[in-house]
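So this block is my_file.cif, mmCIF, C-alpha atoms and all ligand atoms:
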```cif
data_target
loop_
_atom_site.label_atom_id
_atom_site.label_comp_id
_atom_site.auth_asym_id
_atom_site.auth_seq_id
_atom_site.Cartn_x
_atom_site.Cartn_y
_atom_site.Cartn_z
CA MET A 1 40.48 -9.14 27.67
CA ASN A 2 43.62 -7.42 28.82
CA ALA A 3 45.14 -9.37 31.73
CA HIS A 4 46.38 -6.17 33.41
CA HIS A 5 42.83 -4.89 34.00
CA ALA A 6 40.55 -5.68 36.92
CA ALA A 7 37.43 -7.73 36.12
CA SER A 8 35.15 -4.67 36.31
CA THR A 9 37.21 -2.78 33.77
CA GLY A 10 37.56 -5.82 31.55
CA LEU A 11 33.83 -6.33 31.42
CA ILE A 12 33.33 -2.79 30.19
CA HIS A 13 36.35 -2.36 27.92
CA HIS A 14 36.27 -5.81 26.32
CA LEU A 15 38.30 -6.08 23.14
CA TYR A 16 36.13 -8.53 21.21
CA ALA A 17 34.30 -7.08 18.21
CA PRO A 18 32.02 -9.42 16.25
CA PRO A 19 32.84 -9.78 12.54
CA ALA A 20 31.21 -7.22 10.27
CA GLY A 21 28.83 -8.34 7.55
CA PHE A 22 26.02 -9.92 9.56
CA ASP A 23 23.04 -10.01 7.22
CA ALA A 24 19.51 -11.06 8.16
CA PRO A 25 15.90 -10.08 7.38
CA GLN A 26 15.65 -7.50 10.15
CA PRO A 27 18.13 -4.65 10.71
CA GLY A 28 19.92 -4.65 14.05
CA VAL A 29 18.74 -2.71 17.07
CA PHE A 30 21.16 -0.02 18.22
CA LYS A 31 20.54 1.82 21.46
CA ALA A 32 22.61 4.68 22.82
CA SER A 33 22.76 7.97 24.58
CA THR A 34 26.58 8.20 24.35
CA VAL A 35 28.17 7.55 20.98
CA PHE A 36 31.98 7.14 20.88
CA PHE A 37 34.26 9.16 18.64
CA PRO A 38 37.56 7.56 17.61
CA ASN A 39 39.50 10.80 18.22
CA VAL A 40 39.03 14.53 18.73
CA ALA A 41 39.42 15.31 15.04
CA ALA A 42 36.47 13.00 14.29
CA LEU A 43 34.47 14.60 17.09
CA ARG A 44 35.06 18.05 15.63
CA ALA A 45 34.27 16.90 12.08
CA ARG A 46 30.88 15.37 12.93
CA GLN A 47 27.74 17.41 12.56
CA TRP A 48 24.05 16.75 13.12
CA LYS A 49 22.66 17.95 9.82
CA ASP A 50 22.82 14.78 7.77
CA LYS A 51 23.20 11.05 8.23
CA SER A 52 26.97 10.97 7.53
CA GLY A 53 27.75 9.91 11.11
CA TYR A 54 26.63 9.73 14.70
CA THR A 55 26.96 12.32 17.46
CA TYR A 56 24.52 11.41 20.24
CA GLY A 57 21.74 8.88 20.63
CA LEU A 58 19.10 11.59 20.49
CA HIS A 59 20.32 12.62 17.05
CA GLY A 60 20.09 9.19 15.53
CA THR A 61 21.36 5.63 15.52
CA PRO A 62 21.60 3.12 12.67
CA THR A 63 18.17 1.85 13.74
CA THR A 64 16.41 5.23 13.68
CA PHE A 65 18.19 6.31 10.48
CA THR A 66 17.00 3.09 8.82
CA LEU A 67 13.42 3.64 9.91
CA GLU A 68 13.51 7.29 8.79
CA GLU A 69 14.72 6.29 5.33
CA ARG A 70 12.03 3.62 4.98
CA ILE A 71 9.25 5.98 6.03
CA ALA A 72 10.56 8.66 3.64
CA ALA A 73 10.48 6.09 0.82
CA LEU A 74 7.00 4.88 1.82
CA GLU A 75 5.63 8.43 1.63
CA GLY A 76 7.46 9.44 -1.53
CA GLY A 77 9.60 11.93 0.41
CA LEU A 78 13.33 12.51 0.68
CA GLN A 79 13.90 13.32 4.36
CA CYS A 80 12.23 12.10 7.54
CA LEU A 81 12.36 12.80 11.28
CA LEU A 82 10.97 10.50 13.97
CA ALA A 83 9.09 11.83 16.99
CA PRO A 84 7.83 10.06 20.14
CA SER A 85 4.19 10.23 18.98
CA GLY A 86 2.11 11.36 16.05
CA LEU A 87 1.05 14.39 18.04
CA ALA A 88 4.67 15.23 18.86
CA ALA A 89 5.41 15.14 15.11
CA MET A 90 2.55 17.58 14.46
CA ALA A 91 3.60 19.85 17.35
CA THR A 92 7.15 19.91 15.99
CA VAL A 93 5.86 21.08 12.60
CA ALA A 94 3.93 23.93 14.27
CA LEU A 95 6.75 24.97 16.59
CA ALA A 96 9.34 24.83 13.81
CA LEU A 97 7.38 26.86 11.27
CA LEU A 98 5.35 29.37 13.32
CA GLN A 99 6.18 32.40 15.43
CA ALA A 100 4.30 35.15 17.27
CA GLY A 101 1.99 37.05 14.91
CA ASP A 102 1.62 34.12 12.50
CA GLU A 103 -1.63 32.33 11.69
CA VAL A 104 -2.28 28.64 11.10
CA LEU A 105 -5.36 27.20 9.38
CA ILE A 106 -6.85 23.93 10.59
CA PRO A 107 -9.72 21.95 9.01
CA GLY A 108 -12.93 21.64 11.02
CA ASN A 109 -12.58 17.83 11.04
CA ALA A 110 -8.91 17.85 12.15
CA TYR A 111 -7.45 15.35 14.58
CA GLY A 112 -8.72 16.87 17.85
CA PRO A 113 -5.42 17.21 19.73
CA ASN A 114 -3.93 19.20 16.81
CA LEU A 115 -6.68 21.81 17.35
CA ALA A 116 -6.12 21.64 21.13
CA LEU A 117 -2.42 22.40 20.53
CA ALA A 118 -3.39 25.53 18.60
CA GLN A 119 -5.91 26.58 21.27
CA GLY A 120 -3.40 25.96 24.06
CA GLN A 121 0.32 26.37 23.45
CA LEU A 122 0.19 28.15 20.10
CA ALA A 123 -2.32 30.73 21.37
CA ARG A 124 -0.08 31.37 24.41
CA TYR A 125 2.85 32.00 22.07
CA GLY A 126 0.89 34.60 20.11
CA ILE A 127 0.09 32.32 17.16
CA ALA A 128 -3.53 32.57 16.00
CA HIS A 129 -5.48 29.74 14.37
CA TRP A 130 -8.58 29.67 12.22
CA ILE A 131 -10.78 26.73 11.40
CA TYR A 132 -11.76 26.24 7.76
CA ASP A 133 -14.39 24.08 6.09
CA PRO A 134 -12.55 21.08 4.58
CA LEU A 135 -15.32 20.61 2.00
CA ASP A 136 -15.28 24.21 0.73
CA LEU A 137 -12.18 25.31 -1.17
CA ASN A 138 -13.48 28.89 -1.30
CA ASP A 139 -13.61 29.00 2.48
CA LEU A 140 -9.94 27.98 2.69
CA ALA A 141 -9.03 30.51 -0.01
CA ALA A 142 -10.82 33.29 1.87
CA ARG A 143 -9.00 32.54 5.13
CA ILE A 144 -5.46 32.65 3.72
CA ASN A 145 -3.96 36.09 4.34
CA ALA A 146 -0.53 37.72 4.62
CA ARG A 147 -0.09 36.32 8.15
CA THR A 148 -0.95 32.71 7.24
CA ARG A 149 2.23 30.62 7.55
CA LEU A 150 0.87 27.10 7.73
CA VAL A 151 -2.19 25.22 6.48
CA TRP A 152 -2.98 21.81 7.92
CA LEU A 153 -4.67 19.33 5.59
CA GLU A 154 -6.22 16.02 6.58
CA ALA A 155 -7.57 13.39 4.19
CA ALA A 156 -9.84 11.82 5.19
CA GLY A 157 -10.73 13.97 8.22
CA SER A 158 -10.82 12.51 11.71
CA VAL A 159 -13.99 10.84 12.99
CA THR A 160 -16.35 12.11 10.26
CA LEU A 161 -14.02 11.00 7.43
CA GLU A 162 -14.92 13.63 4.84
CA PHE A 163 -12.44 13.54 1.97
CA PRO A 164 -11.42 17.08 0.95
CA ASP A 165 -10.37 18.38 -2.47
CA LEU A 166 -6.76 17.61 -1.57
CA ILE A 167 -5.42 18.55 -5.00
CA GLY A 168 -7.32 21.85 -4.98
CA GLN A 169 -6.20 22.63 -1.42
CA THR A 170 -2.55 21.86 -2.14
CA ARG A 171 -2.60 23.85 -5.38
CA LEU A 172 -4.17 26.79 -3.55
CA CYS A 173 -1.45 26.74 -0.87
CA ARG A 174 1.21 26.62 -3.63
CA GLU A 175 -0.36 29.57 -5.46
CA ARG A 176 -0.58 31.61 -2.26
CA GLY A 177 2.95 30.68 -1.15
CA VAL A 178 1.82 29.09 2.12
CA THR A 179 3.43 25.96 3.54
CA CYS A 180 0.97 23.08 3.72
CA ALA A 181 1.33 20.13 6.05
CA LEU A 182 -0.78 17.01 5.69
CA ASP A 183 -1.75 14.70 8.53
CA ASN A 184 -1.16 11.56 6.49
CA THR A 185 -2.04 9.00 9.14
CA TRP A 186 -5.20 7.82 7.34
CA GLY A 187 -3.46 7.34 3.97
CA ALA A 188 -0.39 5.80 5.63
CA GLY A 189 1.69 6.39 2.48
CA LEU A 190 -0.41 3.73 0.70
CA ALA A 191 -3.75 5.26 -0.31
CA PHE A 192 -2.04 8.10 -2.20
CA ASN A 193 1.35 9.75 -2.58
CA PRO A 194 1.28 13.00 -0.57
CA PHE A 195 4.17 14.40 -2.62
CA ASP A 196 2.60 13.59 -5.97
CA LEU A 197 -1.17 13.90 -5.71
CA ASP A 198 -1.98 14.48 -9.36
CA GLY A 199 0.65 12.35 -11.08
CA ALA A 200 2.36 15.56 -12.21
CA GLY A 201 4.34 16.29 -9.04
CA LEU A 202 1.88 18.44 -7.11
CA GLY A 203 2.48 17.64 -3.46
CA VAL A 204 2.28 18.91 0.08
CA ASP A 205 5.34 20.41 1.78
CA VAL A 206 5.22 18.29 4.92
CA SER A 207 3.62 14.94 5.68
CA ALA A 208 3.12 14.16 9.36
CA HIS A 209 2.24 10.55 10.09
CA ALA A 210 1.24 8.82 13.32
CA LEU A 211 3.31 5.64 12.95
CA THR A 212 1.36 4.60 16.07
CA LYS A 213 -1.40 3.47 13.69
CA TYR A 214 -0.73 1.24 10.66
CA PRO A 215 3.09 1.31 10.49
CA SER A 216 3.27 -0.03 14.06
CA GLY A 217 0.21 -2.17 13.52
CA GLY A 218 0.41 -3.65 17.00
CA GLY A 219 -1.35 -1.14 19.19
CA ASP A 220 1.79 -1.18 21.32
CA VAL A 221 4.05 1.61 20.00
CA LEU A 222 3.68 5.39 19.97
CA MET A 223 5.66 7.16 17.25
CA GLY A 224 5.36 9.89 14.65
CA ALA A 225 7.19 10.88 11.48
CA ILE A 226 7.72 14.18 9.66
CA THR A 227 8.53 13.68 5.98
CA THR A 228 9.59 16.33 3.47
CA ARG A 229 11.12 16.62 0.01
CA GLU A 230 12.97 19.89 0.46
CA GLU A 231 16.29 20.01 2.31
CA ALA A 232 15.93 23.58 3.67
CA LEU A 233 12.48 22.83 5.09
CA HIS A 234 13.75 19.57 6.55
CA LEU A 235 16.60 21.41 8.30
CA ARG A 236 14.20 23.92 9.87
CA LEU A 237 12.15 21.03 11.20
CA LYS A 238 15.26 19.13 12.29
CA LEU A 239 16.60 22.13 14.23
CA ALA A 240 13.31 22.49 16.17
CA HIS A 241 13.23 18.71 16.67
CA MET A 242 16.75 18.91 18.15
CA HIS A 243 15.96 21.93 20.34
CA LEU A 244 12.90 20.15 21.73
CA GLY A 245 14.95 17.06 22.52
CA LEU A 246 12.71 14.65 20.64
CA GLY A 247 13.87 11.12 20.03
CA VAL A 248 12.56 7.56 19.88
CA GLY A 249 13.88 4.45 21.60
CA GLY A 250 15.70 1.75 19.65
CA ASN A 251 13.26 -0.97 20.69
CA ASP A 252 10.28 1.06 19.51
CA ALA A 253 11.99 1.82 16.18
CA GLU A 254 12.74 -1.90 15.82
CA ALA A 255 9.09 -2.78 16.50
CA VAL A 256 7.98 -0.51 13.64
CA LEU A 257 10.74 -1.79 11.33
CA ARG A 258 9.51 -5.31 12.05
CA SER A 259 5.93 -4.38 11.14
CA LEU A 260 6.67 -2.41 7.97
CA PRO A 261 7.01 -5.37 5.57
CA SER A 262 3.41 -6.41 6.28
CA LEU A 263 2.03 -2.84 6.19
CA PRO A 264 0.52 -3.02 2.66
CA LEU A 265 -1.10 -6.40 3.40
CA ARG A 266 -2.54 -5.26 6.72
CA TYR A 267 -3.79 -1.98 5.27
CA ALA A 268 -5.49 -3.77 2.38
CA ALA A 269 -7.07 -6.36 4.69
CA ALA A 270 -8.43 -3.69 7.05
CA ASP A 271 -9.70 -1.73 4.02
CA ARG A 272 -11.54 -4.77 2.64
CA ALA A 273 -13.13 -5.60 5.98
CA ALA A 274 -14.10 -2.00 6.75
CA ARG A 275 -15.72 -1.47 3.34
CA ALA A 276 -17.77 -4.65 3.61
CA LEU A 277 -18.90 -3.72 7.12
CA ALA A 278 -19.61 -0.10 6.17
CA ARG A 279 -21.83 -1.35 3.33
CA TRP A 280 -23.58 -3.72 5.71
CA CYS A 281 -24.10 -0.87 8.19
CA ALA A 282 -25.58 1.26 5.40
CA ALA A 283 -28.35 -1.35 5.05
CA GLN A 284 -29.30 -1.24 8.77
CA PRO A 285 -32.26 1.03 9.54
CA GLN A 286 -30.83 1.99 12.94
CA PHE A 287 -28.06 3.96 11.25
CA ALA A 288 -29.11 7.28 9.71
CA GLN A 289 -25.79 7.68 7.86
CA VAL A 290 -22.60 5.71 7.27
CA LEU A 291 -19.38 7.63 6.72
CA HIS A 292 -16.65 5.98 4.65
CA PRO A 293 -15.03 7.85 1.74
CA ALA A 294 -15.41 4.88 -0.64
CA LEU A 295 -19.21 4.87 -0.24
CA PRO A 296 -20.71 6.82 -3.18
CA THR A 297 -22.91 8.80 -0.78
CA ALA A 298 -19.99 9.87 1.46
CA PRO A 299 -19.05 13.56 1.65
CA GLY A 300 -16.03 14.04 -0.61
CA HIS A 301 -16.37 10.64 -2.33
CA ALA A 302 -15.42 12.09 -5.74
CA HIS A 303 -12.25 13.61 -4.27
CA TRP A 304 -11.39 10.30 -2.64
CA ARG A 305 -11.76 8.59 -6.02
CA GLN A 306 -9.62 11.26 -7.68
CA VAL A 307 -6.70 10.87 -5.25
CA CYS A 308 -7.00 7.28 -3.97
CA GLY A 309 -8.76 5.60 -6.90
CA ALA A 310 -5.58 4.46 -8.60
CA ALA A 311 -3.97 2.97 -5.49
CA ASP A 312 -4.74 -0.63 -6.39
CA ALA A 313 -4.63 -2.65 -9.56
CA ALA A 314 -8.25 -3.80 -9.32
CA GLY A 315 -9.59 -0.25 -9.59
CA GLN A 316 -11.17 -0.38 -6.15
CA GLY A 317 -9.04 2.44 -4.76
CA ALA A 318 -7.61 2.36 -1.26
CA ALA A 319 -8.82 3.50 2.15
CA ALA A 320 -7.96 3.00 5.79
CA GLY A 321 -10.07 0.55 7.79
CA LEU A 322 -12.16 3.26 9.46
CA TRP A 323 -15.83 4.07 9.17
CA SER A 324 -18.36 5.89 11.30
CA VAL A 325 -22.09 5.54 11.67
CA ILE A 326 -24.59 8.09 12.87
CA VAL A 327 -27.07 6.21 14.98
CA HIS A 328 -30.57 7.51 14.30
CA GLU A 329 -31.54 10.34 16.65
CA ARG A 330 -34.53 8.35 17.95
CA TYR A 331 -32.07 6.31 20.06
CA PRO A 332 -31.10 8.00 23.34
CA GLN A 333 -27.45 8.14 24.34
CA ALA A 334 -27.90 5.37 26.92
CA GLN A 335 -29.00 2.93 24.19
CA VAL A 336 -26.09 3.88 21.96
CA ASP A 337 -23.80 3.31 24.94
CA ALA A 338 -25.44 -0.10 25.46
CA PHE A 339 -24.75 -0.92 21.79
CA CYS A 340 -21.05 -0.07 22.21
CA ASP A 341 -20.86 -2.02 25.48
CA ALA A 342 -22.53 -5.06 23.89
CA LEU A 343 -19.80 -5.44 21.25
CA ARG A 344 -17.31 -8.15 22.15
CA LEU A 345 -14.80 -8.26 19.28
CA PHE A 346 -14.84 -4.48 18.76
CA ARG A 347 -13.08 -3.23 21.90
CA LEU A 348 -13.67 0.22 23.34
CA GLY A 349 -10.47 2.23 22.99
CA TYR A 350 -8.72 5.13 21.28
CA SER A 351 -6.34 4.92 18.35
CA TRP A 352 -6.61 2.44 15.48
CA GLY A 353 -4.52 0.46 13.01
CA GLY A 354 -3.80 -2.53 15.24
CA PRO A 355 -4.99 -6.16 15.09
CA VAL A 356 -8.03 -5.59 17.34
CA SER A 357 -11.18 -3.95 15.97
CA LEU A 358 -12.17 -0.86 17.91
CA VAL A 359 -15.28 1.20 18.60
CA MET A 360 -15.55 4.73 20.01
CA PRO A 361 -18.63 6.92 20.49
CA TYR A 362 -18.08 10.64 19.88
CA ASN A 363 -20.07 13.70 20.86
CA LEU A 364 -20.00 15.79 17.68
CA ASN A 365 -21.72 18.68 19.48
CA GLU A 366 -18.55 19.13 21.54
CA MET A 367 -16.24 18.76 18.53
CA ARG A 368 -17.78 21.12 15.99
CA PRO A 369 -19.02 24.69 16.44
CA SER A 370 -22.30 23.64 14.80
CA TRP A 371 -23.75 20.42 13.37
CA PRO A 372 -22.32 20.03 9.83
CA ALA A 373 -25.05 20.35 7.21
CA HIS A 374 -23.88 17.20 5.38
CA LEU A 375 -24.33 14.98 8.45
CA ALA A 376 -27.54 13.37 9.67
CA ARG A 377 -28.60 14.12 13.23
CA GLY A 378 -27.88 11.44 15.79
CA THR A 379 -25.02 9.94 17.76
CA LEU A 380 -21.74 9.23 16.00
CA VAL A 381 -19.93 5.97 16.60
CA ARG A 382 -16.58 5.30 14.91
CA PHE A 383 -15.27 1.86 14.08
CA CYS A 384 -11.86 0.57 13.10
CA ALA A 385 -11.59 -2.85 11.48
CA GLY A 386 -8.77 -4.93 12.87
CA LEU A 387 -7.51 -8.18 11.41
CA GLU A 388 -10.23 -10.50 12.70
CA ASP A 389 -12.43 -12.44 10.26
CA GLY A 390 -14.95 -10.08 8.67
CA ARG A 391 -17.91 -12.45 9.18
CA ASP A 392 -17.24 -12.60 12.91
CA LEU A 393 -17.08 -8.80 13.05
CA GLN A 394 -20.39 -8.49 11.20
CA ALA A 395 -22.03 -10.98 13.57
CA ASP A 396 -20.73 -8.96 16.51
CA LEU A 397 -22.30 -5.78 15.11
CA ALA A 398 -25.58 -7.57 14.34
CA ARG A 399 -25.83 -8.96 17.86
CA ALA A 400 -25.04 -5.58 19.46
CA LEU A 401 -27.84 -3.95 17.45
CA GLY A 402 -30.16 -5.95 19.73
CA ALA A 403 -28.78 -3.99 22.69
CA LEU A 404 -29.34 -0.76 20.79
CA GLU A 405 -33.01 -1.73 20.53
CA GLY A 406 -33.08 -2.43 24.25
CA ASN A 407 -33.29 -6.25 24.05
CA SER A 408 -29.95 -7.26 25.46
C1 LIG B 501 -3.62 8.98 16.19
C2 LIG B 501 -3.54 10.15 15.31
C3 LIG B 501 -2.59 11.15 15.53
C4 LIG B 501 -1.68 11.18 16.73
O1 LIG B 501 -0.90 10.05 16.91
P1 LIG B 501 -0.36 9.67 18.37
O2 LIG B 501 0.82 8.82 18.09
O3 LIG B 501 -1.48 8.95 19.07
O4 LIG B 501 0.02 10.95 19.07
C5 LIG B 501 -2.54 12.19 14.64
N1 LIG B 501 -3.38 12.27 13.60
C6 LIG B 501 -4.31 11.34 13.36
C7 LIG B 501 -5.20 11.47 12.17
C8 LIG B 501 -4.42 10.25 14.20
O5 LIG B 501 -5.37 9.33 13.97
#
```

Here is the file; what I need is its structure written in the form of structure tokens.
Amino acid sequence: MNAHHAASTGLIHHLYAPPAGFDAPQPGVFKASTVFFPNVAALRARQWKDKSGYTYGLHGTPTTFTLEERIAALEGGLQCLLAPSGLAAMATVALALLQAGDEVLIPGNAYGPNLALAQGQLARYGIAHWIYDPLDLNDLAARINARTRLVWLEAAGSVTLEFPDLIGQTRLCRERGVTCALDNTWGAGLAFNPFDLDGAGLGVDVSAHALTKYPSGGGDVLMGAITTREEALHLRLKLAHMHLGLGVGGNDAEAVLRSLPSLPLRYAAADRAARALARWCAAQPQFAQVLHPALPTAPGHAHWRQVCGAADAAGQGAAAGLWSVIVHERYPQAQVDAFCDALRLFRLGYSWGGPVSLVMPYNLNEMRPSWPAHLARGTLVRFCAGLEDGRDLQADLARALGALEGNS
């Protein structure tokens, strides 16, 4: 400290700098709004387009750059942007790539808030949306026209978990010259490579990923990522991202960086538990249908096998730890609610991908224009396997079935 300065100044402008070269398992946490420039020439030379330097906390720190690079690598991409939530990442894609007069296509089983964004903000801005059948490639083909600028893909779809012909959909978008963006939250960069679906380099243009789910893994962080392989597309997204003022906090980025090394182990464990429980559910007479893409009877199972079948060495394929059941229509809503309330290890709550198993009833009548032909009638309940012991989870389900029957 300089002896000529007052204590207040000395505490702020302290001369000590720790030695460089600190090396440890976890990268450091950098937090900033202001970033210093050594001189005006350096200030003028810096720009926001790449990771060659730092301009302002919102435009990146060593911590967020590190997380972006790791997510890009996880997904098989080359560039990545972080957003404050998965939904913010998806909204950024729409706002960056669409303008008045354009059309966007969204699958009927899309993540609900992505559709709400199209019905709300995008409609107000003069951007039309159309819903397509994720299980019918011809329906998607028929809806692409000269105004279509963006096609959203989702594999597996939200809540009902149908696995689409992802290769066919992506190839179709390529042939028709339309940008396709995948909501890759379910696959998490592990079940398949969104930028190389067929092993010959066929890939989506944009992968949007709710890091809130498996990459965080704690149920305690909200974050999204937008990954690409093409610099020009990345810069369009980055410009919108900058204009919208989107950024993530250093502590949140650190929390995800801390969870990433265990991501493949957690994903595989949740997959194993969910598959065993989905198979068990399929044997219970109270459930008219069980939806999990690895079940041979699931809608889109062959497409799941085609894209995700090679993800593990044992030939079992890979899937997220999600499955849904359709409780037989003979059970009134109140009894299905009693079943959900009777579960103790499966907690009632949105989101998934954390340590705690979750349950959520859904009203498909409110979510789809009509009841999908491939789904049994009844009440849909979605489960997410956490990291608890699978036998305890099965016992919890078995006990709650008593409440479904009215003997709680
Ligand atoms: C959770 C989720 C999102 C949104 O992520 P948030 O961080 O909660 O905004 C988007 N897509 C899918 C498929 C999701 O499950």

Residues within 7 Å of Leu343 of chain A, please, as a PyMOL selection string. Count only C-alpha atoms; anything in the same chain fewer than 4 positions from it doesn't count. chain A and resi 339+396-397+400

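Atom pair atom CA of Ala110 of chain A / atom CA of Met360 of chain A: separated by 16.7 Å.
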
Find the residue from A:Ala24, A:Cys384, A:Val327, A:Ile127 that sits nearest to ligand LIG 501 (chain B); use only C-alpha atoms and all ligand atoms when measuring.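 That would be A:Cys384, the residue with the smallest distance to ligand LIG 501 (chain B).
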
Please compute the atom CA of Val104 of chain A-atom CA of Val206 of chain A distance, one decimal, in Å.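 That distance, rounded to one decimal, is 14.2 Å.
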
What residues have an atom no more than 8 Å from (-8.7, 10.2, 7.1) in the file's own frame, counting all atoms listed in the file, and can you write them as JSON, numbers by chain? {"A": [154, 155, 156, 157, 158, 159, 161, 162, 163, 184, 185, 186, 187, 320]}

Got a sec to check which residues lie within 9 Å of ligand LIG 501 (chain B), using all atoms listed in the file, and send them as a ChimeraX atom specification? /A:83-90,110-114,154-159,183-186,208-213,221-224,350-353

Take the residues that were just selected and, keeping C-alpha atoms, output them as a short mmCIF file (atom, residue, chain, number, x, y, z; two decimals), in the frame of the given file.
```
data_model
loop_
_atom_site.label_atom_id
_atom_site.label_comp_id
_atom_site.auth_asym_id
_atom_site.auth_seq_id
_atom_site.Cartn_x
_atom_site.Cartn_y
_atom_site.Cartn_z
CA ALA A 83 9.09 11.83 16.99
CA PRO A 84 7.83 10.06 20.14
CA SER A 85 4.19 10.23 18.98
CA GLY A 86 2.11 11.36 16.05
CA LEU A 87 1.05 14.39 18.04
CA ALA A 88 4.67 15.23 18.86
CA ALA A 89 5.41 15.14 15.11
CA MET A 90 2.55 17.58 14.46
CA ALA A 110 -8.91 17.85 12.15
CA TYR A 111 -7.45 15.35 14.58
CA GLY A 112 -8.72 16.87 17.85
CA PRO A 113 -5.42 17.21 19.73
CA ASN A 114 -3.93 19.20 16.81
CA GLU A 154 -6.22 16.02 6.58
CA ALA A 155 -7.57 13.39 4.19
CA ALA A 156 -9.84 11.82 5.19
CA GLY A 157 -10.73 13.97 8.22
CA SER A 158 -10.82 12.51 11.71
CA VAL A 159 -13.99 10.84 12.99
CA ASP A 183 -1.75 14.70 8.53
CA ASN A 184 -1.16 11.56 6.49
CA THR A 185 -2.04 9.00 9.14
CA TRP A 186 -5.20 7.82 7.34
CA ALA A 208 3.12 14.16 9.36
CA HIS A 209 2.24 10.55 10.09
CA ALA A 210 1.24 8.82 13.32
CA LEU A 211 3.31 5.64 12.95
CA THR A 212 1.36 4.60 16.07
CA LYS A 213 -1.40 3.47 13.69
CA VAL A 221 4.05 1.61 20.00
CA LEU A 222 3.68 5.39 19.97
CA MET A 223 5.66 7.16 17.25
CA GLY A 224 5.36 9.89 14.65
CA TYR A 350 -8.72 5.13 21.28
CA SER A 351 -6.34 4.92 18.35
CA TRP A 352 -6.61 2.44 15.48
CA GLY A 353 -4.52 0.46 13.01
#
```

Need to verify the contact set: segment 231-238 of chain A, 8 Å, all atoms listed in the file, exclusion of same-chain residues closer than 6 positions in sequence. Can you return it as a ChimeraX atom specification? /A:49,79-81,92-93,96-97

Could you name the residues that touch Val178 of chain A at 7 Å or less, counting all atoms listed in the file, but leaving out those on the same chain fewer than 6 positions away, as a list in words?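 Contacts, in chain order: Thr148, Arg149 and Leu150 of chain A.
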
Find the residues around Glu329 of chain A up to 7 Å (only C-alpha atoms counted), leave out those fewer than 5 positions away in its own chain, and share them as a ChimeraX atom specification. /A:377-379

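Residue nearest Pro264 of chain A, chosen from A:Gly199, A:Gly189, A:Pro27, A:Gly10 and counting only C-alpha atoms: A:Gly189.
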
Report as a PyMOL selection string all protein, DNA and RNA residues lying within 10 Å of segment 275-286 of chain A, evaluated on only C-alpha atoms, omitting residues in the same chain fewer than 4 positions from it. chain A and resi 270-271+290-295+319-331+383+385+390-391+393-394+397-398+401+404-405

Here is a test: counting all atoms listed in the file, which residue of A:Leu67, A:Ser216, A:Trp48, A:Pro164 is nearest to Leu137 of chain A? A:Pro164

In Å, rounded to a single decimal, give me how far atom CA of Gly108 of chain A is from atom CA of Ala123 of chain A.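 Atom CA of Gly108 of chain A lies 17.4 Å from atom CA of Ala123 of chain A.
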
For Glu254 of chain A, which of A:Pro215, A:Ser207, A:Ser357, A:Ala334 is the closest residue, counting all atoms listed in the file?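 With all atoms listed in the file as the atom set, the closest residue is A:Pro215.
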